[in-house]
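Visitor: Got a file for you: run_12.cif, mmCIF, C-alpha atoms.
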```
data_model
loop_
_atom_site.label_atom_id
_atom_site.label_comp_id
_atom_site.auth_asym_id
_atom_site.auth_seq_id
_atom_site.Cartn_x
_atom_site.Cartn_y
_atom_site.Cartn_z
CA MET L 1282 65.22 84.58 -74.31
CA LEU L 1283 67.07 87.86 -74.73
CA ALA L 1284 70.33 85.89 -75.02
CA GLY L 1285 68.90 83.95 -77.96
CA PHE L 1286 67.59 87.18 -79.48
CA LEU L 1287 71.10 88.68 -79.32
CA ILE L 1288 72.65 85.53 -80.80
CA ARG L 1289 70.33 85.82 -83.80
CA ASN L 1290 70.67 89.57 -84.37
CA ILE L 1291 74.34 90.34 -83.67
CA PRO L 1292 76.08 89.85 -87.06
CA VAL L 1293 79.37 88.43 -85.75
CA ILE L 1294 77.62 85.84 -83.58
CA SER L 1295 74.84 84.94 -86.01
CA ASP L 1296 77.38 84.23 -88.75
CA ASN L 1297 79.19 81.67 -86.60
CA VAL L 1298 76.31 80.16 -84.58
CA GLN L 1299 73.77 78.24 -86.65
CA ILE L 1300 70.80 76.51 -85.01
CA GLU L 1301 69.12 73.69 -86.90
CA HIS L 1302 65.34 74.01 -86.98
CA GLU L 1303 64.80 70.26 -86.60
CA TRP L 1304 67.02 70.11 -83.52
CA SER L 1305 65.29 73.15 -82.02
CA SER L 1306 61.85 71.63 -82.66
CA SER L 1307 62.85 68.36 -80.99
CA VAL L 1308 64.11 70.17 -77.88
CA ARG L 1309 60.85 72.13 -77.61
CA SER L 1310 58.82 68.92 -77.87
CA ILE L 1311 60.82 67.35 -75.04
CA TYR L 1312 60.41 70.49 -72.97
CA LEU L 1313 56.66 70.55 -73.52
CA SER L 1314 56.45 66.89 -72.50
CA ILE L 1315 58.39 67.52 -69.28
CA THR L 1316 56.27 70.61 -68.55
CA LEU L 1317 53.05 68.61 -68.79
CA LEU L 1318 54.51 65.91 -66.55
CA TYR L 1319 55.50 68.54 -63.99
CA VAL L 1320 52.09 70.21 -64.11
CA GLY L 1321 50.27 66.89 -63.81
CA LEU L 1322 52.31 65.77 -60.82
CA GLN L 1323 51.67 69.06 -59.01
CA LEU L 1324 47.90 68.61 -59.19
CA ASP L 1325 46.44 68.77 -55.66
CA SER L 1326 43.47 66.38 -55.57
CA GLU L 1327 42.27 67.56 -52.14
CA ALA L 1328 42.13 71.22 -53.13
CA LEU L 1329 40.52 70.22 -56.42
CA LYS L 1330 37.68 68.41 -54.62
CA LYS L 1331 36.83 71.51 -52.59
CA LEU L 1332 36.70 73.97 -55.50
CA LYS L 1333 36.37 71.73 -58.55
CA GLY L 1334 33.55 73.77 -60.12
CA VAL L 1335 35.35 77.09 -59.71
CA CYS L 1336 38.61 75.50 -60.83
CA VAL L 1337 37.08 74.29 -64.09
CA ARG L 1338 35.43 77.68 -64.71
CA LEU L 1339 38.66 79.55 -64.09
CA ALA L 1340 40.67 77.14 -66.24
CA MET L 1341 38.32 77.31 -69.22
CA GLY L 1342 36.62 80.72 -69.13
CA PRO L 1343 39.57 83.15 -69.34
CA CYS L 1344 41.51 80.91 -71.75
CA LEU L 1345 38.62 80.56 -74.20
CA ALA L 1346 37.71 84.25 -73.88
CA GLU L 1347 41.28 85.33 -74.61
CA ALA L 1348 41.59 82.84 -77.48
CA CYS L 1349 38.39 84.12 -79.12
CA ALA L 1350 39.32 87.76 -78.54
CA SER L 1351 42.82 87.20 -79.96
CA ALA L 1352 41.39 85.42 -83.01
CA LEU L 1353 38.93 88.25 -83.62
CA LEU L 1354 41.57 90.97 -83.25
CA ALA L 1355 44.18 89.06 -85.26
CA HIS L 1356 41.72 88.61 -88.12
CA PHE L 1357 40.61 92.24 -88.36
CA LEU L 1358 43.77 94.04 -87.22
CA MET L 1359 46.59 91.79 -88.41
CA GLY L 1360 44.84 90.19 -91.39
CA LEU L 1361 45.32 86.60 -90.22
CA PRO L 1362 42.86 83.93 -91.39
CA TRP L 1363 40.44 82.66 -88.76
CA ARG L 1364 42.34 79.39 -88.37
CA TRP L 1365 45.59 81.18 -87.69
CA GLY L 1366 43.81 83.63 -85.43
CA PHE L 1367 42.72 80.78 -83.16
CA ILE L 1368 46.21 79.29 -83.30
CA LEU L 1369 47.48 82.61 -81.96
CA GLY L 1370 44.69 82.70 -79.38
CA PHE L 1371 45.56 79.33 -77.89
CA VAL L 1372 49.26 80.23 -77.88
CA LEU L 1373 48.43 83.27 -75.74
CA GLY L 1374 45.85 81.44 -73.60
CA PRO L 1375 47.85 79.84 -70.76
CA ALA L 1376 49.76 81.62 -68.01
CA SER L 1377 53.42 80.94 -67.27
CA LEU L 1378 54.29 78.03 -64.98
CA SER L 1379 57.86 79.29 -64.60
CA ILE L 1380 56.59 82.56 -63.07
CA VAL L 1381 53.25 81.68 -61.48
CA ALA L 1382 54.40 78.54 -59.63
CA PRO L 1383 57.44 80.02 -57.79
CA SER L 1384 55.48 83.16 -56.92
CA MET L 1385 52.54 81.16 -55.53
CA LEU L 1386 54.79 78.82 -53.56
CA LEU L 1387 56.56 81.83 -52.04
CA LEU L 1388 53.20 83.24 -50.93
CA VAL L 1389 52.35 79.87 -49.34
CA GLU L 1390 55.66 79.79 -47.47
CA ASN L 1391 55.02 83.31 -46.14
CA GLY L 1392 51.59 82.32 -44.81
CA TYR L 1393 49.34 83.88 -47.48
CA ASP L 1394 47.41 80.65 -48.08
CA VAL L 1395 44.70 80.93 -45.42
CA LYS L 1396 41.86 80.28 -47.89
CA GLY L 1397 43.97 78.23 -50.30
CA VAL L 1398 44.02 80.78 -53.12
CA PRO L 1399 47.62 80.10 -54.33
CA THR L 1400 47.09 76.31 -54.26
CA PHE L 1401 43.77 76.70 -56.04
CA LEU L 1402 45.39 78.81 -58.77
CA LEU L 1403 48.09 76.20 -59.38
CA ASP L 1404 45.45 73.49 -59.87
CA ALA L 1405 43.47 75.71 -62.23
CA TYR L 1406 46.67 76.47 -64.15
CA SER L 1407 47.14 72.76 -64.84
CA PHE L 1408 43.81 72.49 -66.64
CA ASN L 1409 44.31 75.86 -68.30
CA ALA L 1410 47.60 74.75 -69.84
CA ILE L 1411 46.30 71.44 -71.14
CA LEU L 1412 43.20 73.12 -72.59
CA ALA L 1413 45.34 75.64 -74.48
CA ILE L 1414 47.76 73.00 -75.76
CA THR L 1415 44.94 70.71 -76.90
CA GLY L 1416 43.15 73.61 -78.61
CA PHE L 1417 46.38 74.67 -80.29
CA ASN L 1418 47.02 71.19 -81.68
CA MET L 1419 43.46 70.90 -82.99
CA CYS L 1420 43.63 74.32 -84.69
CA LEU L 1421 47.04 73.49 -86.12
CA GLY L 1422 45.61 70.32 -87.64
CA ILE L 1423 42.76 72.34 -89.20
CA ALA L 1424 45.16 74.99 -90.53
CA PHE L 1425 47.24 72.28 -92.24
CA PRO L 1426 44.45 69.91 -93.30
CA THR L 1427 44.88 66.42 -94.70
CA GLY L 1428 41.24 66.17 -95.80
CA SER L 1429 37.90 67.95 -95.51
CA THR L 1430 37.08 70.33 -92.65
CA ILE L 1431 34.53 67.90 -91.19
CA PHE L 1432 37.13 65.14 -91.21
CA ASN L 1433 39.63 67.33 -89.38
CA VAL L 1434 37.06 68.35 -86.75
CA LEU L 1435 36.09 64.72 -86.15
CA ARG L 1436 39.75 63.78 -85.99
CA GLY L 1437 40.27 66.44 -83.33
CA ILE L 1438 37.50 64.93 -81.19
CA LEU L 1439 38.99 61.47 -81.72
CA GLU L 1440 42.39 62.78 -80.63
CA VAL L 1441 40.93 64.05 -77.34
CA VAL L 1442 39.23 60.71 -76.62
CA THR L 1443 42.36 58.78 -77.57
CA GLY L 1444 44.56 61.00 -75.40
CA VAL L 1445 42.37 60.63 -72.31
CA ALA L 1446 41.99 56.85 -72.75
CA THR L 1447 45.69 56.20 -73.38
CA GLY L 1448 46.75 58.49 -70.54
CA SER L 1449 44.38 56.75 -68.15
CA LEU L 1450 45.77 53.32 -69.02
CA LEU L 1451 49.37 54.46 -68.67
CA GLY L 1452 48.63 56.30 -65.42
CA ALA L 1453 46.95 53.22 -63.92
CA PHE L 1454 49.91 51.07 -64.95
CA ILE L 1455 52.48 53.42 -63.40
CA HIS L 1456 50.38 53.62 -60.22
CA TYR L 1457 50.74 49.88 -59.56
CA PHE L 1458 54.12 49.23 -61.18
CA PRO L 1459 56.74 49.27 -59.80
CA SER L 1460 55.46 48.19 -56.40
CA SER L 1461 56.13 50.39 -53.37
CA ASP L 1462 58.43 47.85 -51.68
CA GLN L 1463 61.21 48.16 -54.28
CA ARG L 1464 64.49 49.99 -53.84
CA VAL L 1465 65.23 53.36 -55.49
CA LEU L 1466 61.50 53.57 -56.15
CA ASP L 1467 61.56 57.29 -56.96
CA TRP L 1468 64.08 56.91 -59.77
CA LYS L 1469 62.23 53.93 -61.25
CA ARG L 1470 58.99 55.89 -61.29
CA THR L 1471 60.73 58.87 -62.87
CA VAL L 1472 62.25 56.74 -65.60
CA LEU L 1473 58.87 55.16 -66.36
CA VAL L 1474 57.05 58.51 -66.51
CA LEU L 1475 59.68 60.06 -68.77
CA GLY L 1476 59.95 56.88 -70.82
CA PHE L 1477 56.22 56.82 -71.55
CA SER L 1478 55.95 60.54 -72.26
CA VAL L 1479 58.60 60.64 -74.99
CA PRO L 1480 56.99 57.94 -77.19
CA VAL L 1481 53.62 59.61 -76.65
CA PHE L 1482 54.97 62.75 -78.34
CA SER L 1483 55.85 60.68 -81.38
CA SER L 1484 52.09 60.38 -82.02
CA VAL L 1485 52.43 63.33 -84.40
CA TYR L 1486 54.02 60.93 -86.90
CA PHE L 1487 50.93 58.69 -86.72
CA GLY L 1488 48.49 61.51 -87.52
CA PHE L 1489 47.27 62.19 -83.96
CA PRO L 1490 49.20 65.26 -82.80
CA GLY L 1491 46.38 66.57 -80.60
CA SER L 1492 46.39 63.53 -78.30
CA ARG L 1493 50.01 63.75 -77.16
CA GLY L 1494 49.74 66.59 -74.65
CA LEU L 1495 46.46 65.40 -73.15
CA CYS L 1496 47.76 61.85 -72.80
CA THR L 1497 50.92 63.02 -70.99
CA PHE L 1498 48.99 65.24 -68.59
CA VAL L 1499 46.37 62.59 -67.72
CA MET L 1500 49.07 59.97 -67.19
CA ALA L 1501 51.08 62.21 -64.83
CA SER L 1502 48.06 63.45 -62.87
CA LEU L 1503 46.62 59.96 -62.29
CA ALA L 1504 50.02 58.60 -61.30
CA GLY L 1505 50.56 61.53 -58.91
CA ILE L 1506 47.15 61.06 -57.29
CA GLY L 1507 47.92 57.39 -56.78
CA TRP L 1508 51.32 58.06 -55.25
CA THR L 1509 49.89 60.77 -52.92
CA ARG L 1510 52.64 61.91 -50.55
CA ASN L 1511 55.33 59.66 -52.07
CA LYS L 1512 55.44 61.72 -55.27
CA ALA L 1513 57.54 64.56 -53.78
CA GLU L 1514 60.87 63.08 -54.84
CA VAL L 1515 59.62 62.35 -58.36
CA GLU L 1516 58.43 65.97 -58.56
CA LYS L 1517 61.89 67.19 -57.59
CA ILE L 1518 63.60 65.11 -60.29
CA ILE L 1519 61.10 66.13 -62.99
CA GLY L 1520 61.31 69.72 -61.75
CA PHE L 1521 65.08 69.75 -62.15
CA ALA L 1522 64.80 68.44 -65.72
CA TRP L 1523 62.15 71.07 -66.44
CA PHE L 1524 64.41 73.80 -65.02
CA VAL L 1525 67.31 72.75 -67.27
CA PHE L 1526 65.25 72.52 -70.46
CA LYS L 1527 63.39 75.74 -69.67
CA HIS L 1528 66.47 77.93 -70.09
CA LEU L 1529 67.53 76.11 -73.24
CA VAL L 1530 64.10 76.48 -74.85
CA PHE L 1531 63.89 80.20 -74.04
CA VAL L 1532 67.24 80.74 -75.75
CA LEU L 1533 66.08 78.80 -78.82
CA PHE L 1534 62.80 80.73 -78.88
CA GLY L 1535 64.59 84.10 -78.75
CA ALA L 1536 66.89 82.98 -81.55
CA GLU L 1537 63.87 82.57 -83.86
CA VAL L 1538 63.11 86.32 -83.84
CA SER L 1539 64.97 88.48 -86.32
CA VAL L 1540 64.91 92.26 -86.20
CA ALA L 1541 65.12 92.40 -89.99
CA SER L 1542 61.80 90.53 -90.29
CA LEU L 1543 59.94 92.82 -87.87
CA ARG L 1544 57.94 95.68 -89.35
CA PRO L 1545 56.98 98.63 -87.11
CA GLU L 1546 53.31 98.46 -88.09
CA THR L 1547 53.25 94.72 -87.37
CA VAL L 1548 54.75 95.22 -83.93
CA GLY L 1549 52.20 97.92 -83.12
CA LEU L 1550 49.27 95.73 -84.18
CA CYS L 1551 50.70 92.81 -82.22
CA VAL L 1552 50.93 94.93 -79.06
CA ALA L 1553 47.38 96.19 -79.56
CA THR L 1554 46.07 92.65 -80.04
CA LEU L 1555 47.91 91.43 -76.96
CA GLY L 1556 46.78 94.33 -74.78
CA VAL L 1557 43.07 94.04 -75.58
CA ALA L 1558 43.11 90.24 -75.24
CA VAL L 1559 44.79 90.44 -71.83
CA LEU L 1560 42.23 92.96 -70.57
CA ILE L 1561 39.40 90.68 -71.68
CA ARG L 1562 41.08 87.78 -69.90
CA ILE L 1563 41.40 89.73 -66.63
CA PHE L 1564 37.74 90.75 -66.75
CA THR L 1565 36.62 87.18 -67.55
CA ALA L 1566 38.74 85.74 -64.72
CA PHE L 1567 37.04 88.12 -62.29
CA LEU L 1568 33.61 86.97 -63.45
CA MET L 1569 34.55 83.28 -63.18
CA VAL L 1570 35.33 83.53 -59.45
CA CYS L 1571 32.20 85.47 -58.52
CA PHE L 1572 29.87 83.65 -56.13
CA ALA L 1573 32.70 81.27 -55.17
CA GLY L 1574 33.27 82.41 -51.59
CA PHE L 1575 36.14 84.81 -52.30
CA ASN L 1576 36.13 88.42 -51.11
CA ILE L 1577 36.72 91.35 -53.45
CA LYS L 1578 40.46 91.51 -52.71
CA GLU L 1579 40.97 87.84 -53.51
CA LYS L 1580 38.98 88.18 -56.73
CA ILE L 1581 41.22 91.05 -57.86
CA PHE L 1582 44.34 89.04 -57.05
CA ILE L 1583 43.07 85.98 -58.94
CA SER L 1584 42.23 88.15 -61.95
CA PHE L 1585 45.78 89.53 -62.21
CA ALA L 1586 47.61 86.37 -61.10
CA TRP L 1587 47.46 84.79 -64.55
CA LEU L 1588 48.83 87.78 -66.41
CA PRO L 1589 52.44 86.53 -66.99
CA LYS L 1590 53.08 84.46 -70.10
CA ALA L 1591 56.26 82.56 -70.87
CA THR L 1592 56.31 78.76 -70.52
CA VAL L 1593 53.80 77.48 -73.09
CA GLN L 1594 54.38 80.49 -75.35
CA ALA L 1595 58.07 79.59 -75.65
CA ALA L 1596 57.20 75.97 -76.40
CA LEU L 1597 54.40 76.62 -78.93
CA GLY L 1598 55.28 80.04 -80.32
CA SER L 1599 57.39 78.76 -83.20
CA VAL L 1600 55.64 75.41 -83.82
CA ALA L 1601 53.28 76.89 -86.41
CA LEU L 1602 56.23 78.57 -88.15
CA ASP L 1603 58.15 75.28 -88.24
CA THR L 1604 55.12 73.53 -89.73
CA ALA L 1605 54.73 76.26 -92.36
CA ARG L 1606 58.40 75.92 -93.29
CA SER L 1607 57.93 72.21 -93.91
CA TYR L 1608 55.22 73.09 -96.47
CA GLY L 1609 57.45 75.66 -98.20
CA ASP L 1610 54.65 78.23 -98.49
CA THR L 1611 55.88 81.81 -97.99
CA GLN L 1612 52.39 83.10 -97.11
CA LEU L 1613 52.01 80.50 -94.36
CA GLU L 1614 55.49 81.36 -93.14
CA ASP L 1615 54.44 85.00 -92.80
CA TYR L 1616 51.45 83.93 -90.72
CA GLY L 1617 53.72 81.80 -88.57
CA MET L 1618 56.11 84.70 -88.10
CA ASP L 1619 53.23 86.90 -86.91
CA VAL L 1620 52.27 84.27 -84.32
CA LEU L 1621 55.89 84.04 -83.23
CA THR L 1622 56.18 87.84 -82.93
CA VAL L 1623 53.08 88.15 -80.74
CA ALA L 1624 54.30 85.29 -78.51
CA PHE L 1625 57.71 86.93 -78.19
CA LEU L 1626 56.19 90.30 -77.26
CA ALA L 1627 53.79 88.59 -74.84
CA ILE L 1628 56.71 87.08 -72.92
CA LEU L 1629 58.73 90.28 -73.06
CA ILE L 1630 55.88 92.48 -71.76
CA THR L 1631 53.76 90.34 -69.45
CA ALA L 1632 56.40 88.19 -67.72
CA PRO L 1633 58.13 90.95 -65.68
CA ILE L 1634 54.92 92.92 -65.12
CA GLY L 1635 53.03 89.81 -64.02
CA HIS L 1636 55.77 88.74 -61.63
CA LEU L 1637 55.79 92.15 -59.96
CA LEU L 1638 51.99 92.25 -59.72
CA ILE L 1639 51.78 88.81 -58.11
CA SER L 1640 54.42 89.72 -55.52
CA PHE L 1641 52.90 93.15 -54.83
CA LEU L 1642 49.21 92.25 -54.82
CA GLY L 1643 49.65 88.95 -53.01
CA ARG L 1644 51.03 90.64 -49.89
CA ARG L 1645 48.35 93.31 -49.89
CA LEU L 1646 45.21 91.49 -50.99
CA LEU L 1647 45.56 88.00 -49.51
CA GLN L 1648 44.96 87.21 -45.87
CA LYS L 1649 48.05 86.18 -43.92
CA ALA L 1650 47.95 83.46 -41.27
CA LYS L 1651 48.51 84.66 -37.72
CA HIS L 1652 50.76 82.53 -35.55
CA GLN L 1653 48.90 81.56 -32.40
CA ASN L 1654 51.22 81.43 -29.42
CA LYS L 1655 48.62 82.25 -26.76
CA ASP L 1656 48.07 78.60 -25.82
CA GLU L 1657 51.77 78.13 -25.14
CA GLU L 1658 51.84 81.25 -22.99
CA VAL L 1659 48.78 80.12 -21.01
CA GLN L 1660 50.30 76.70 -20.45
CA GLY L 1661 53.51 78.30 -19.23
CA GLU L 1662 51.87 80.61 -16.64
CA PRO L 1663 50.87 77.96 -14.03
CA SER L 1664 54.33 76.43 -14.05
CA GLU L 1665 55.90 79.85 -13.53
CA GLN L 1666 53.57 80.55 -10.60
CA VAL L 1667 54.43 77.21 -8.97
#
```
Step by step, read the file and then write its structure as structure tokens.
Guide:
Amino acid sequence: MLAGFLIRNIPVISDNVQIEHEWSSSVRSIYLSITLLYVGLQLDSEALKKLKGVCVRLAMGPCLAEACASALLAHFLMGLPWRWGFILGFVLGPASLSIVAPSMLLLVENGYDVKGVPTFLLDAYSFNAILAITGFNMCLGIAFPTGSTIFNVLRGILEVVTGVATGSLLGAFIHYFPSSDQRVLDWKRTVLVLGFSVPVFSSVYFGFPGSRGLCTFVMASLAGIGWTRNKAEVEKIIGFAWFVFKHLVFVLFGAEVSVASLRPETVGLCVATLGVAVLIRIFTAFLMVCFAGFNIKEKIFISFAWLPKATVQAALGSVALDTARSYGDTQLEDYGMDVLTVAFLAILITAPIGHLLISFLGRRLLQKAKHQNKDEEVQGEPSEQV
């Protein structure tokens, strides 16, 4: 992201390197599609069955609380309309997969998964991300209406139903086809999943932009549940594609921010909005896991584990600005630039701090598994005596 920021703001480089907005938007759409596939495939159905109620609360509560708090602060502090305030709120809502997932998997490898907290957080993240993306698309459709407000609200509900239904049909199809007795099965499944997800994201041209993300996530999660243990290789292939596009998208996102367009007072208000919204999110996350069987240390860790922001913010941060540019309205472009600025600062501030907090708190607040070697020693004693 900083590399893209330097490309945009160093005069010699910016004069010779020009990035087309349409090309950048297309790359971000592909990246978002691959991200949702990766998140859906990583869904652990067994862990979800054990803590499904807590998982849903943790996925929805902090995200909605932060979205509402961000909308309120953006309206009164930054002067954004309510519609744009909620667009900003849902951009800030989800945590970062690129930071949370590796950190959680490292804790699992080191034995800090006795009560399944890291695995539980990854499952909750999946629903948190799709909720934020769906909310963002619905608010974006309301901010750029094609009819009355009631029509746009009803269209948003229709988009959710259409996304779930279409994703379920595609997921069921991929579960049974191709059959498990075929050769190079993993690559065939990967091609099918990617092949279905790309046309799904063209739904924006048919007037149903809110259904694309939900459809992709439902399709990947149902297919992954059906494949059970055989989905590991597909995850690796999709994960590699996600890793490649991730770096490209972060560069493109950083290249959207220009120092000349940033005003000191705007930056200060953006930081204030971000800080208060994050504190409300941490407090809400703590409340959501109360009475769920976790001790006080685990509740504190869960509250801070979703602090880092990067993945969805990089994918959605400039979408509203791109849409405003297509309308040619300078006022809407200013609103879009404010959303982009807050998303940029959110990544710049919370990503490194969140990564350090997860690594530090995880080793001090989570219970580590103890390797039991006593049985082996007891079994070895009689043979030594003989």
Visitor: Rounded to one decimal place, report the atom CA of Leu1543 of chain L-atom CA of Leu1378 of chain L distance in Å.
Guide: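 If I compute the distance from atom CA of Leu1543 of chain L to atom CA of Leu1378 of chain L, I get 27.8 Å.
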Visitor: So that I can check the surroundings of Trp1508 of chain L, please list as a PyMOL selection string every protein, DNA and RNA residue that reaches within 12 Å of it, counting only C-alpha atoms and ignoring chain neighbours fewer than 3 positions away.
Guide: chain L and resi 1322-1326+1452-1453+1455-1461+1466-1467+1470+1501-1505+1511-1516
Visitor: Separation of atom CA of Asp1619 of chain L and atom CA of Arg1289 of chain L, in Å?
Guide: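 Between atom CA of Asp1619 of chain L and atom CA of Arg1289 of chain L the gap is 17.4 Å.
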Visitor: Go through L:Val1293, L:Ile1368, L:Val1465, L:Ser1379 one by one, measure the shortest atom-to-atom distance of each to Val1525 of chain L using all atoms listed in the file, and give the residue with the smallest value.
Guide: L:Ser1379
Visitor: I'd like to know which of L:Arg1544, L:Gly1507, L:Gly1342, L:Lys1649 is closest to Ser1584 of chain L, using all atoms listed in the file.
Guide: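 Of the candidates, the smallest distance to Ser1584 of chain L is held by L:Gly1342.
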